[in-house]
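Structure file structure-v3.txt (compact mmCIF, C-alpha atoms) follows.
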# COMPACT_ATOMS: atom_id res chain seq x y z
CA MET A 926 124.72 191.28 64.02
CA LYS A 927 125.66 187.82 65.27
CA THR A 928 122.29 186.51 64.19
CA LYS A 929 122.80 187.62 60.61
CA PHE A 930 126.10 185.65 60.34
CA ALA A 931 124.68 182.51 62.04
CA ILE A 932 121.90 181.92 59.53
CA PRO A 933 124.13 181.79 56.42
CA LEU A 934 126.54 179.40 58.21
CA SER A 935 123.72 177.02 59.12
CA ILE A 936 122.46 176.96 55.55
CA ALA A 937 125.93 176.20 54.26
CA GLY A 938 126.34 173.30 56.72
CA VAL A 939 123.04 171.70 55.66
CA ALA A 940 124.05 172.01 52.00
CA LEU A 941 127.41 170.33 52.63
CA ALA A 942 125.75 167.44 54.53
CA ALA A 943 123.20 166.88 51.77
CA ALA A 944 125.92 166.85 49.12
CA GLY A 945 127.88 164.26 51.12
CA PHE A 946 124.80 162.02 51.57
CA PHE A 947 123.95 161.97 47.86
CA ALA A 948 127.57 161.42 46.89
CA GLY A 949 127.80 158.42 49.26
CA ARG A 950 124.51 156.97 48.01
CA ALA A 951 125.66 157.21 44.43
CA THR A 952 128.90 155.49 45.34
CA THR A 953 126.98 152.67 47.11
CA HIS A 954 124.72 152.07 44.10
CA ALA A 955 127.70 152.07 41.78
CA ASP A 956 129.52 149.45 43.84
CA ARG A 957 126.54 147.13 44.49
CA PRO A 958 126.47 145.30 41.08
CA ALA A 959 130.17 144.59 41.34
CA ALA A 960 129.73 143.15 44.82
CA ALA A 961 126.82 141.00 43.68
CA SER A 962 128.83 139.75 40.76
CA THR A 963 131.73 138.86 43.03
CA ALA A 964 129.44 136.98 45.42
CA ALA A 965 127.80 135.05 42.60
CA VAL A 966 131.13 133.78 41.22
CA PRO A 967 133.61 133.08 44.06
CA ALA A 968 137.27 133.39 43.30
CA SER A 969 137.84 129.69 44.01
CA SER A 970 135.35 128.77 41.25
CA ALA A 971 136.82 131.06 38.60
CA ASP A 972 138.37 128.17 36.67
CA ARG A 973 135.13 126.16 36.46
CA LYS A 974 132.82 126.62 33.48
CA VAL A 975 129.41 128.03 34.35
CA LEU A 976 126.56 126.70 32.24
CA TYR A 977 123.83 128.96 33.59
CA TRP A 978 122.43 130.57 36.74
CA HIS A 979 119.17 129.64 38.41
CA ASP A 980 117.13 130.04 41.55
CA PRO A 981 117.23 126.71 43.52
CA MET A 982 113.75 127.44 44.85
CA VAL A 983 112.36 127.86 41.29
CA PRO A 984 114.57 125.52 39.23
CA GLY A 985 112.76 125.90 35.91
CA PRO A 986 113.93 129.28 34.56
CA ARG A 987 117.60 129.65 33.59
CA PHE A 988 119.59 132.89 33.32
CA ASP A 989 122.71 133.61 31.32
CA LYS A 990 124.22 136.06 33.84
CA PRO A 991 124.38 136.44 37.63
CA GLY A 992 122.17 138.73 39.63
CA LYS A 993 119.29 138.78 42.02
CA SER A 994 116.48 136.26 41.62
CA PRO A 995 113.24 137.76 40.35
CA PHE A 996 111.32 135.22 42.44
CA MET A 997 113.06 135.18 45.85
CA ASP A 998 115.11 137.60 47.90
CA MET A 999 118.37 135.84 47.08
CA GLN A 1000 121.17 135.76 44.54
CA LEU A 1001 121.09 133.41 41.56
CA VAL A 1002 123.23 130.29 41.98
CA PRO A 1003 125.61 129.11 39.21
CA VAL A 1004 125.40 125.59 37.78
CA TYR A 1005 128.82 124.35 36.66
CA ALA A 1006 129.52 121.96 33.80
CA ASP A 1007 131.04 119.28 36.04
CA GLU A 1008 127.99 119.34 38.36
CA ALA A 1009 125.48 119.07 35.51
CA SER A 1010 127.16 116.00 34.04
CA ASP A 1011 127.45 114.19 37.40
CA PRO A 1012 124.19 112.38 38.30
CA GLY A 1013 125.30 111.78 41.87
CA VAL A 1014 124.55 113.75 45.01
CA LYS A 1015 127.46 115.49 46.70
CA VAL A 1016 127.39 115.92 50.47
CA ASP A 1017 129.90 118.04 52.35
CA ALA A 1018 132.15 116.12 54.73
CA ALA A 1019 130.94 118.13 57.72
CA VAL A 1020 127.33 117.47 56.75
CA GLN A 1021 128.07 113.74 56.41
CA GLN A 1022 129.45 113.71 59.93
CA ASN A 1023 126.48 115.62 61.32
CA LEU A 1024 124.00 113.31 59.60
CA GLY A 1025 125.85 110.19 60.72
CA ILE A 1026 126.33 108.88 57.18
CA ARG A 1027 128.29 105.62 57.35
CA THR A 1028 129.49 103.45 54.47
CA VAL A 1029 130.37 99.75 54.31
CA ALA A 1030 132.09 97.65 51.66
CA VAL A 1031 130.41 94.92 49.63
CA LYS A 1032 132.25 91.71 50.51
CA ARG A 1033 132.62 88.30 48.91
CA VAL A 1034 132.31 85.45 51.39
CA THR A 1035 132.68 81.70 50.98
CA ALA A 1036 130.69 79.70 53.48
CA PRO A 1037 128.49 76.60 53.55
CA ALA A 1038 124.95 77.58 52.64
CA SER A 1039 123.48 75.68 55.59
CA PHE A 1040 120.59 76.48 57.85
CA ASP A 1041 118.71 75.00 60.78
CA ALA A 1042 115.09 73.91 60.92
CA VAL A 1043 112.95 72.39 63.65
CA GLY A 1044 110.94 69.31 62.68
CA SER A 1045 108.25 67.32 64.42
CA VAL A 1046 108.65 63.53 64.51
CA GLN A 1047 105.84 61.59 62.81
CA PHE A 1048 105.18 58.01 61.78
CA ASP A 1049 106.48 56.96 58.39
CA ASP A 1050 103.22 56.11 56.63
CA ARG A 1051 105.04 53.72 54.30
CA LEU A 1052 105.79 51.45 57.26
CA SER A 1053 102.16 51.33 58.37
CA VAL A 1054 100.40 47.95 57.95
CA ALA A 1055 96.68 47.22 58.30
CA VAL A 1056 95.52 43.98 59.97
CA GLN A 1057 92.13 42.87 58.65
CA THR A 1058 89.86 39.84 58.65
CA ARG A 1059 88.40 38.43 55.45
CA VAL A 1060 85.58 36.47 57.03
CA ALA A 1061 82.58 37.19 59.17
CA GLY A 1062 82.90 36.22 62.83
CA TYR A 1063 83.63 37.73 66.22
CA VAL A 1064 86.61 38.40 68.47
CA GLU A 1065 86.90 35.76 71.20
CA ARG A 1066 90.04 37.16 72.81
CA LEU A 1067 91.88 40.47 72.41
CA ALA A 1068 95.61 40.36 73.21
CA VAL A 1069 96.30 44.11 72.62
CA ARG A 1070 93.78 46.37 74.29
CA ALA A 1071 95.18 49.91 73.84
CA THR A 1072 96.70 52.07 71.13
CA MET A 1073 100.41 52.94 71.15
CA GLU A 1074 101.30 49.56 72.62
CA ARG A 1075 104.57 48.26 71.23
CA VAL A 1076 104.35 44.92 69.45
CA ARG A 1077 106.88 42.57 67.89
CA GLN A 1078 106.61 40.90 64.52
CA GLY A 1079 104.57 37.66 64.89
CA GLN A 1080 103.09 38.67 68.25
CA ALA A 1081 99.43 37.59 68.74
CA LEU A 1082 96.96 40.47 68.51
CA ALA A 1083 93.53 38.74 68.72
CA THR A 1084 91.74 35.37 68.38
CA VAL A 1085 88.81 35.35 65.93
CA PHE A 1086 86.10 32.68 65.62
CA ALA A 1087 84.84 32.27 62.01
CA PRO A 1088 81.89 29.82 61.79
CA ASP A 1089 81.66 30.28 58.00
CA TRP A 1090 84.89 28.32 57.64
CA LEU A 1091 83.50 25.14 59.25
CA ALA A 1092 81.41 23.87 56.32
CA PRO A 1093 84.11 23.97 53.60
CA GLN A 1094 86.62 22.33 55.94
CA ASN A 1095 84.19 19.51 56.83
CA GLU A 1096 83.60 19.00 53.11
CA LEU A 1097 87.33 18.60 52.51
CA LEU A 1098 87.68 16.15 55.40
CA ALA A 1099 84.71 14.10 54.13
CA LEU A 1100 86.17 13.84 50.63
CA GLU A 1101 89.49 12.69 52.01
CA ARG A 1102 87.88 10.11 54.29
CA ALA A 1103 85.73 8.80 51.40
CA GLY A 1104 88.75 8.39 49.17
CA ALA A 1105 87.42 10.78 46.52
CA SER A 1106 89.37 11.47 43.39
CA ARG A 1107 92.31 13.81 43.49
CA ASP A 1108 90.48 16.39 41.37
CA LEU A 1109 87.62 16.68 43.88
CA VAL A 1110 90.03 17.05 46.81
CA ASP A 1111 92.04 19.73 44.98
CA ALA A 1112 88.82 21.58 44.13
CA ALA A 1113 87.86 21.58 47.83
CA ARG A 1114 91.27 22.92 48.78
CA GLU A 1115 91.00 25.66 46.14
CA ARG A 1116 87.65 26.69 47.60
CA LEU A 1117 89.24 27.08 51.06
CA ARG A 1118 92.03 29.15 49.54
CA ALA A 1119 89.50 31.41 47.83
CA MET A 1120 87.75 31.96 51.19
CA SER A 1121 91.14 33.09 52.66
CA VAL A 1122 91.26 30.19 55.12
CA PRO A 1123 94.85 30.18 56.40
CA ALA A 1124 96.97 27.23 55.22
CA GLU A 1125 98.00 26.57 58.82
CA LEU A 1126 94.35 26.21 59.82
CA VAL A 1127 93.70 23.68 57.00
CA ARG A 1128 96.76 21.67 58.03
CA ARG A 1129 95.55 21.49 61.63
CA SER A 1130 92.11 20.38 60.44
CA GLU A 1131 93.61 17.49 58.44
CA GLU A 1132 95.90 16.48 61.32
CA THR A 1133 93.15 16.44 63.93
CA GLY A 1134 90.30 15.34 61.62
CA THR A 1135 88.17 18.19 63.02
CA ALA A 1136 87.30 21.49 61.30
CA GLN A 1137 89.01 24.51 62.85
CA ALA A 1138 87.18 27.85 63.07
CA ARG A 1139 89.42 29.74 65.50
CA PHE A 1140 92.49 31.51 64.17
CA THR A 1141 94.96 34.05 65.58
CA LEU A 1142 95.77 37.42 64.02
CA SER A 1143 99.50 38.26 64.39
CA ALA A 1144 101.49 41.48 64.01
CA PRO A 1145 103.00 41.56 60.51
CA GLU A 1146 105.72 44.07 61.55
CA SER A 1147 107.33 45.36 64.72
CA GLY A 1148 106.13 48.76 65.85
CA VAL A 1149 103.26 50.27 67.78
CA VAL A 1150 99.51 49.82 67.46
CA ALA A 1151 98.53 53.17 65.98
CA GLU A 1152 94.88 52.23 65.50
CA LEU A 1153 92.64 49.79 67.37
CA GLY A 1154 89.32 49.24 65.60
CA VAL A 1155 87.76 46.39 67.61
CA ARG A 1156 87.00 45.29 71.16
CA GLU A 1157 86.75 41.83 72.69
CA GLY A 1158 83.46 40.10 71.82
CA ALA A 1159 82.74 42.43 68.91
CA ALA A 1160 81.53 41.06 65.59
CA VAL A 1161 83.78 41.47 62.56
CA SER A 1162 83.07 41.49 58.84
CA PRO A 1163 85.18 40.88 55.75
CA GLY A 1164 87.52 43.82 54.96
CA MET A 1165 87.22 45.36 58.42
CA THR A 1166 90.47 46.86 59.78
CA LEU A 1167 91.03 45.56 63.28
CA PHE A 1168 94.51 47.00 63.87
CA ARG A 1169 96.98 49.33 62.20
CA VAL A 1170 100.59 48.75 63.15
CA ALA A 1171 103.02 51.62 62.52
CA GLY A 1172 106.67 50.71 62.08
CA LEU A 1173 109.37 52.64 63.97
CA GLY A 1174 112.49 51.55 62.07
CA LYS A 1175 112.34 54.91 60.30
CA VAL A 1176 110.37 58.04 61.15
CA TRP A 1177 109.59 61.32 59.43
CA ALA A 1178 110.66 64.72 60.68
CA VAL A 1179 108.40 67.34 59.10
CA ALA A 1180 109.76 70.91 59.19
CA ASN A 1181 108.53 74.25 57.88
CA VAL A 1182 111.23 75.67 55.60
CA PRO A 1183 111.24 79.30 54.34
CA GLU A 1184 110.24 79.55 50.71
CA ALA A 1185 113.58 81.13 49.72
CA GLN A 1186 115.53 78.26 51.33
CA ALA A 1187 113.29 75.50 50.02
CA MET A 1188 114.09 76.45 46.42
CA HIS A 1189 117.70 75.30 46.97
CA LEU A 1190 116.86 71.89 48.46
CA ALA A 1191 116.89 68.59 46.60
CA ARG A 1192 115.64 65.10 47.37
CA GLY A 1193 118.26 62.80 48.85
CA GLN A 1194 120.11 65.64 50.57
CA LYS A 1195 121.70 64.47 53.83
CA VAL A 1196 120.88 66.09 57.15
CA LYS A 1197 122.03 65.80 60.74
CA ALA A 1198 119.33 65.72 63.39
CA ALA A 1199 119.52 66.18 67.15
CA LEU A 1200 116.87 66.01 69.82
CA GLN A 1201 115.66 69.43 70.85
CA ALA A 1202 115.54 68.27 74.46
CA ASP A 1203 118.94 66.53 74.39
CA ALA A 1204 121.43 67.69 71.75
CA SER A 1205 123.79 64.81 72.59
CA GLN A 1206 121.44 62.36 70.85
CA THR A 1207 122.03 62.70 67.12
CA PHE A 1208 120.56 60.92 64.11
CA ASP A 1209 121.23 60.65 60.39
CA GLY A 1210 118.61 61.45 57.81
CA ILE A 1211 117.91 62.47 54.24
CA LEU A 1212 115.46 64.84 52.59
CA ASP A 1213 112.63 62.63 51.41
CA GLU A 1214 110.14 65.09 49.94
CA ILE A 1215 109.24 68.77 49.70
CA LEU A 1216 105.48 68.92 49.90
CA PRO A 1217 103.99 70.97 47.02
CA GLN A 1218 102.04 73.35 49.20
CA VAL A 1219 102.96 76.83 50.48
CA ASP A 1220 101.59 78.28 53.71
CA ALA A 1221 100.27 81.69 52.60
CA ALA A 1222 100.56 83.16 56.11
CA THR A 1223 104.19 82.21 56.82
CA ARG A 1224 105.48 81.72 53.25
CA THR A 1225 106.96 78.34 54.16
CA LEU A 1226 106.89 74.86 52.65
CA GLN A 1227 106.82 71.58 54.52
CA ALA A 1228 109.92 69.46 54.01
CA ARG A 1229 109.75 65.78 55.02
CA PHE A 1230 112.99 64.20 56.23
CA GLU A 1231 113.48 60.47 56.70
CA VAL A 1232 115.40 59.78 59.93
CA ASP A 1233 116.93 56.47 60.96
CA ASN A 1234 115.33 55.09 64.14
CA ARG A 1235 116.51 51.49 64.27
CA ARG A 1236 117.42 51.90 67.93
CA GLY A 1237 113.90 53.11 68.73
CA ARG A 1238 114.91 56.32 70.51
CA LEU A 1239 112.53 58.58 68.60
CA THR A 1240 108.85 58.84 69.39
CA PRO A 1241 106.20 60.68 67.33
CA GLY A 1242 105.63 64.16 68.69
CA GLN A 1243 109.24 64.86 69.67
CA LEU A 1244 111.08 67.85 68.22
CA LEU A 1245 114.28 67.50 66.21
CA ARG A 1246 116.70 70.26 65.25
CA LEU A 1247 117.78 69.58 61.68
CA ARG A 1248 121.05 70.90 60.28
CA ILE A 1249 120.69 71.06 56.51
CA GLU A 1250 124.02 71.30 54.74
CA LYS A 1251 124.53 72.60 51.22
CA PRO A 1252 127.77 72.85 49.20
CA ALA A 1253 129.97 75.87 49.95
CA ALA A 1254 129.39 78.79 47.58
CA SER A 1255 131.05 82.15 46.97
CA ARG A 1256 128.68 85.11 46.99
CA LEU A 1257 128.53 88.87 47.47
CA VAL A 1258 126.89 90.10 50.66
CA LEU A 1259 126.12 93.46 52.24
CA PRO A 1260 124.38 94.49 55.48
CA SER A 1261 120.60 94.36 55.32
CA GLU A 1262 120.41 97.86 56.80
CA ALA A 1263 121.93 99.31 53.61
CA VAL A 1264 118.98 98.18 51.46
CA ILE A 1265 116.05 100.46 50.61
CA ARG A 1266 112.94 98.53 49.54
CA THR A 1267 110.35 100.78 47.92
CA GLY A 1268 107.92 98.05 46.88
CA THR A 1269 108.66 98.45 43.17
CA ARG A 1270 112.46 98.36 43.30
CA THR A 1271 115.36 97.58 45.61
CA VAL A 1272 117.96 100.34 45.95
CA VAL A 1273 121.28 100.97 47.67
CA ILE A 1274 123.19 104.25 47.82
CA LEU A 1275 126.60 103.79 46.18
CA ARG A 1276 129.53 106.04 47.10
CA LYS A 1277 131.40 106.89 43.91
CA PRO A 1278 135.20 107.37 43.73
CA GLY A 1279 134.82 111.17 43.46
CA GLY A 1280 132.90 111.33 46.73
CA ALA A 1281 129.41 111.69 45.25
CA PHE A 1282 126.52 109.37 46.12
CA GLU A 1283 124.33 107.64 43.57
CA PRO A 1284 121.25 105.39 43.92
CA ARG A 1285 121.83 101.96 42.40
CA ASN A 1286 119.15 99.34 41.63
CA VAL A 1287 120.19 95.88 42.84
CA GLN A 1288 118.82 92.35 42.75
CA LEU A 1289 119.03 90.46 46.03
CA GLY A 1290 119.25 86.76 46.83
CA VAL A 1291 119.07 84.88 50.12
CA ASP A 1292 118.26 87.03 53.16
CA GLU A 1293 120.09 85.82 56.26
CA GLY A 1294 118.87 88.46 58.68
CA ASP A 1295 121.83 90.79 59.26
CA ALA A 1296 123.26 90.23 55.78
CA VAL A 1297 121.73 89.74 52.35
CA GLU A 1298 123.13 88.26 49.15
CA VAL A 1299 123.66 90.56 46.14
CA VAL A 1300 122.89 88.86 42.83
CA SER A 1301 123.47 91.84 40.51
CA GLY A 1302 124.02 95.60 40.56
CA LEU A 1303 127.21 95.73 42.66
CA VAL A 1304 130.75 94.35 42.58
CA GLU A 1305 133.15 93.40 45.31
CA GLY A 1306 134.65 96.45 47.05
CA ASP A 1307 131.82 98.87 46.27
CA GLN A 1308 131.09 101.27 49.12
CA VAL A 1309 127.41 101.58 50.02
CA VAL A 1310 125.74 103.79 52.61
CA ALA A 1311 124.55 101.88 55.67
CA SER A 1312 122.99 104.79 57.59
CA GLY A 1313 121.46 108.02 56.34
CA GLN A 1314 120.78 106.52 52.92
CA PHE A 1315 117.13 107.60 52.96
CA LEU A 1316 118.15 111.29 53.05
CA ILE A 1317 120.51 110.85 50.11
CA ASP A 1318 117.92 108.88 48.13
CA SER A 1319 115.35 111.61 48.72
CA GLU A 1320 117.84 114.26 47.56
CA ALA A 1321 118.63 112.24 44.43
CA ASN A 1322 114.94 111.87 43.62
CA LEU A 1323 114.43 115.62 44.16
CA ARG A 1324 117.32 116.47 41.84
CA SER A 1325 115.92 114.15 39.18
CA ALA A 1326 112.50 115.77 39.45
CA MET A 1327 114.02 119.25 39.20
CA GLY A 1328 115.97 118.18 36.14
CA ASN A 1329 112.79 116.97 34.47
CA LEU A 1330 111.03 120.24 35.28
CA ALA A 1331 113.95 122.20 33.89
CA SER A 1332 113.91 120.17 30.67
CA ASP A 1333 110.17 120.71 30.28
CA GLY A 1334 110.59 124.43 30.87
CA ALA A 1335 113.39 124.68 28.30
CA SER A 1336 111.39 122.78 25.65
CA ARG A 1337 108.49 125.16 26.07

As C-alpha cells - that is how I would like this structure written.
Amino acid sequence: MKTKFAIPLSIAGVALAAAGFFAGRATTHADRPAAASTAAVPASSADRKVLYWHDPMVPGPRFDKPGKSPFMDMQLVPVYADEASDPGVKVDAAVQQNLGIRTVAVKRVTAPASFDAVGSVQFDDRLSVAVQTRVAGYVERLAVRATMERVRQGQALATVFAPDWLAPQNELLALERAGASRDLVDAARERLRAMSVPAELVRRSEETGTAQARFTLSAPESGVVAELGVREGAAVSPGMTLFRVAGLGKVWAVANVPEAQAMHLARGQKVKAALQADASQTFDGILDEILPQVDAATRTLQARFEVDNRRGRLTPGQLLRLRIEKPAASRLVLPSEAVIRTGTRTVVILRKPGGAFEPRNVQLGVDEGDAVEVVSGLVEGDQVVASGQFLIDSEANLRSAMGNLASDGASR
C-alpha cells in the first residue's frame, strides 16, 4: 500500500523540478539581451553620442547596434563622436604611470652659440721662404747643418763658390782700367745684373780690383729651417732650393669642425686659444679659412685658424684648444631623448591640452648632445613625451592604419 502512494509522489516531484528548471532558463534567456545592452553602453557614457559599434580585433565592419561580435567571443565596443574626431591617442593615467611616460616642456634659451675644438699647430705656409742659388757652383761651407734649427733674419746659412761669375767680373774690371766709354762699362754691369751677381759682390770686386766668386747666402726671415736641400761640398745648379725657412711670427691651428657647426662660421671670426698641455698659456687668433673638403667618415670640415705667435711659444705639432664664440641667439630646445628619428621623418609625441597624445613632425637644428634645437613644428611651452614615446607612436600608427582599413571597407 505504501509503495503505491510513493510512486505517484516521486513522479510529481520530478515534474515540479523540471517545470522550475525550464522556467528559470526562460527567465535567463529573457534577461541576457538586456544585460548585454547595459554592458555595451555604460551609464556614465549615456550622454555621449555613439557613432557605431565595432570589434577592435576586426576594425573594418561597423554595426549600428550593440551585441556580441560575430568574429570574436566578446561584446562590440562603441565608438563615440568625440573619439572619432580626435586624432590623438588617449592613455589612462594609471597606464601612463605604469609605462613610465614622462613629459617635458619645450623651452626657449638665450646663450652664446659657442663650441670648443682641438687644433694642431702647423707652419703658416705664407711665411715660408725658399733660399735658392741662381748660378752653378758648389757649397764651400755650410753654416746650418740640420732642419728645425732656429735662424735670425740676415744670419749666414752657407758660402757658395760660383766660378761662372769670374769672367764677367774680370771683363768689367778690364774695361774700367782701360778707360772704356761709359756705355761699355754700363753694358758690362747690366750683364752682371742679368746673371744675378749680387751688387755687394760687384762692389767688392771694384774695391779690391779682383773678381769675387764666393758669396754668402743669408736667411731672408727669422724662423726655423724647415727644409735643408744641400750638404757641404755638394754641387749646386741654378734654381735649386738649398733651404726653406718657415716663419714663426704666426702659425696655423687646423681643427676638425662638425659639418653642422662649420656652416655657421665665417672668415675673420675671433677665437681664443689655449695650450692643451697648459691652459694658462692663451693666444688670440682669427678664423682664416674653412677648407672646402668634407671628411666622409667623420662628417667634419677642416677649419684653419691664424694664431699670433710673436713671442715664439708655439711649436708645430702642439695641440691647442680653441674656443669659438658666436653671437648670442634665442632658440627653442628640447631634450634629445624626446626625438624619434625614423629615417624619413623626425617626430616627437606632443601632449595636447585635453590629455591626448599626438605625433608631430618637427624640423631640428643644431644638436648639442643632451639637447637639440627645434626649428619648426613646436612652440614654447609645448609638452612632449621624453620616455615611452615609442609606444604611443606605435599606437598612433596602428590607429591610423585601422582608420584607413575602415574607410576602405566602408567604400566597398

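Of note, atom CA of Pro1003 of chain A and atom CA of Ala1281 of chain A are spaced 18.8 Å apart.
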
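Between Gly1290 of chain A and the candidates A:Val1122, A:Leu1244, A:Ala1083, A:Met1188, the tightest atom-to-atom separation, counting only C-alpha atoms, involves A:Met1188.
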
Please report, as CSV, each residue of segment 1121-1169 of chain A lying at most 12 Å from segment 1038-1048 of chain A, together with the nearest pair of atoms and the separation in Å rounded to one decimal; use all atoms listed in the file, and order rows by chain and ascending residue number.
residue,atom,partner,partner_atom,distance
A:Gly1148,CA,A:Phe1048,CA,10.2
A:Val1149,CA,A:Phe1048,CA,10.0
A:Val1150,CA,A:Phe1048,CA,11.5
A:Ala1151,CA,A:Phe1048,CA,9.2
A:Arg1169,CA,A:Phe1048,CA,11.9

Please produce a file of those selected residues containing C-alpha atoms, as a CSV table (one decimal), in the frame of the given file.
chain,number,residue,atom,x,y,z
A,1148,GLY,CA,106.1,48.8,65.8
A,1149,VAL,CA,103.3,50.3,67.8
A,1150,VAL,CA,99.5,49.8,67.5
A,1151,ALA,CA,98.5,53.2,66.0
A,1169,ARG,CA,97.0,49.3,62.2

Worksheet item: Suppose you want the space between atom CA of Leu1142 of chain A and atom CA of Asn1095 of chain A; what is it in Å?
Response: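 Rounded to one decimal, the two atoms are 22.5 Å apart.
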
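Compared by their closest atoms to Ala1055 of chain A, and using all atoms listed in the file, the residues A:Gly1280, A:Pro1145, A:Pro1241, A:Gly992 rank with A:Pro1145 nearest.
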
Can you check which parts of segment 1150-1182 of chain A lie within 9 Å of segment 1235-1239 of chain A? Per residue, the shortest pair of atoms and distance in Å to one decimal, counting all atoms listed in the file, sorted by chain and number, as a Markdown table.
| residue | atom | partner | partner_atom | distance |
| --- | --- | --- | --- | --- |
| A:Leu1173 | CA | A:Gly1237 | CA | 6.6 |
| A:Gly1174 | CA | A:Arg1235 | CA | 4.6 |
| A:Lys1175 | CA | A:Arg1235 | CA | 6.7 |
| A:Val1176 | CA | A:Leu1239 | CA | 7.8 |

Model the absent atoms of segment 1253-1275 of chain A so that N, CA and C atoms are present, and write the result as a short mmCIF file (atom, residue, chain, number, x, y, z; two decimals), in the coordinates of the input.
data_model
loop_
_atom_site.label_atom_id
_atom_site.label_comp_id
_atom_site.auth_asym_id
_atom_site.auth_seq_id
_atom_site.Cartn_x
_atom_site.Cartn_y
_atom_site.Cartn_z
N ALA A 1253 129.46 74.51 49.76
CA ALA A 1253 129.97 75.87 49.95
C ALA A 1253 129.87 76.65 48.64
N ALA A 1254 129.54 77.94 48.76
CA ALA A 1254 129.39 78.79 47.58
C ALA A 1254 129.95 80.17 47.88
N SER A 1255 130.53 80.80 46.86
CA SER A 1255 131.05 82.15 46.97
C SER A 1255 129.97 83.13 46.53
N ARG A 1256 129.73 84.16 47.32
CA ARG A 1256 128.68 85.11 46.99
C ARG A 1256 128.97 86.47 47.58
N LEU A 1257 128.40 87.51 46.98
CA LEU A 1257 128.53 88.87 47.47
C LEU A 1257 127.46 89.13 48.52
N VAL A 1258 127.84 89.78 49.61
CA VAL A 1258 126.89 90.10 50.66
C VAL A 1258 127.10 91.54 51.10
N LEU A 1259 126.05 92.14 51.63
CA LEU A 1259 126.12 93.46 52.24
C LEU A 1259 125.13 93.51 53.39
N PRO A 1260 125.30 94.43 54.34
CA PRO A 1260 124.38 94.49 55.48
C PRO A 1260 122.96 94.78 55.02
N SER A 1261 122.01 94.16 55.68
CA SER A 1261 120.60 94.36 55.32
C SER A 1261 120.16 95.80 55.55
N GLU A 1262 120.81 96.49 56.50
CA GLU A 1262 120.41 97.86 56.80
C GLU A 1262 120.72 98.82 55.67
N ALA A 1263 121.57 98.42 54.72
CA ALA A 1263 121.93 99.31 53.61
C ALA A 1263 120.92 99.27 52.49
N VAL A 1264 119.92 98.39 52.56
CA VAL A 1264 118.98 98.18 51.46
C VAL A 1264 117.73 99.03 51.68
N ILE A 1265 117.30 99.69 50.60
CA ILE A 1265 116.05 100.46 50.61
C ILE A 1265 115.06 99.71 49.71
N ARG A 1266 113.98 99.23 50.30
CA ARG A 1266 112.94 98.53 49.54
C ARG A 1266 111.74 99.45 49.40
N THR A 1267 111.44 99.83 48.17
CA THR A 1267 110.35 100.78 47.92
C THR A 1267 109.05 100.08 47.56
N GLY A 1268 109.10 98.78 47.32
CA GLY A 1268 107.92 98.05 46.88
C GLY A 1268 107.96 97.75 45.40
N THR A 1269 108.53 98.67 44.62
CA THR A 1269 108.66 98.45 43.17
C THR A 1269 110.11 98.20 42.78
N ARG A 1270 111.04 98.57 43.61
CA ARG A 1270 112.46 98.36 43.30
C ARG A 1270 113.24 98.24 44.60
N THR A 1271 114.45 97.72 44.47
CA THR A 1271 115.36 97.58 45.61
C THR A 1271 116.59 98.41 45.31
N VAL A 1272 116.93 99.33 46.21
CA VAL A 1272 117.96 100.34 45.95
C VAL A 1272 118.98 100.35 47.08
N VAL A 1273 120.24 100.62 46.71
CA VAL A 1273 121.28 100.97 47.67
C VAL A 1273 121.90 102.28 47.21
N ILE A 1274 122.51 102.99 48.14
CA ILE A 1274 123.19 104.25 47.82
C ILE A 1274 124.67 103.95 47.69
N LEU A 1275 125.21 104.11 46.49
CA LEU A 1275 126.60 103.79 46.18
C LEU A 1275 127.46 105.04 46.30
#
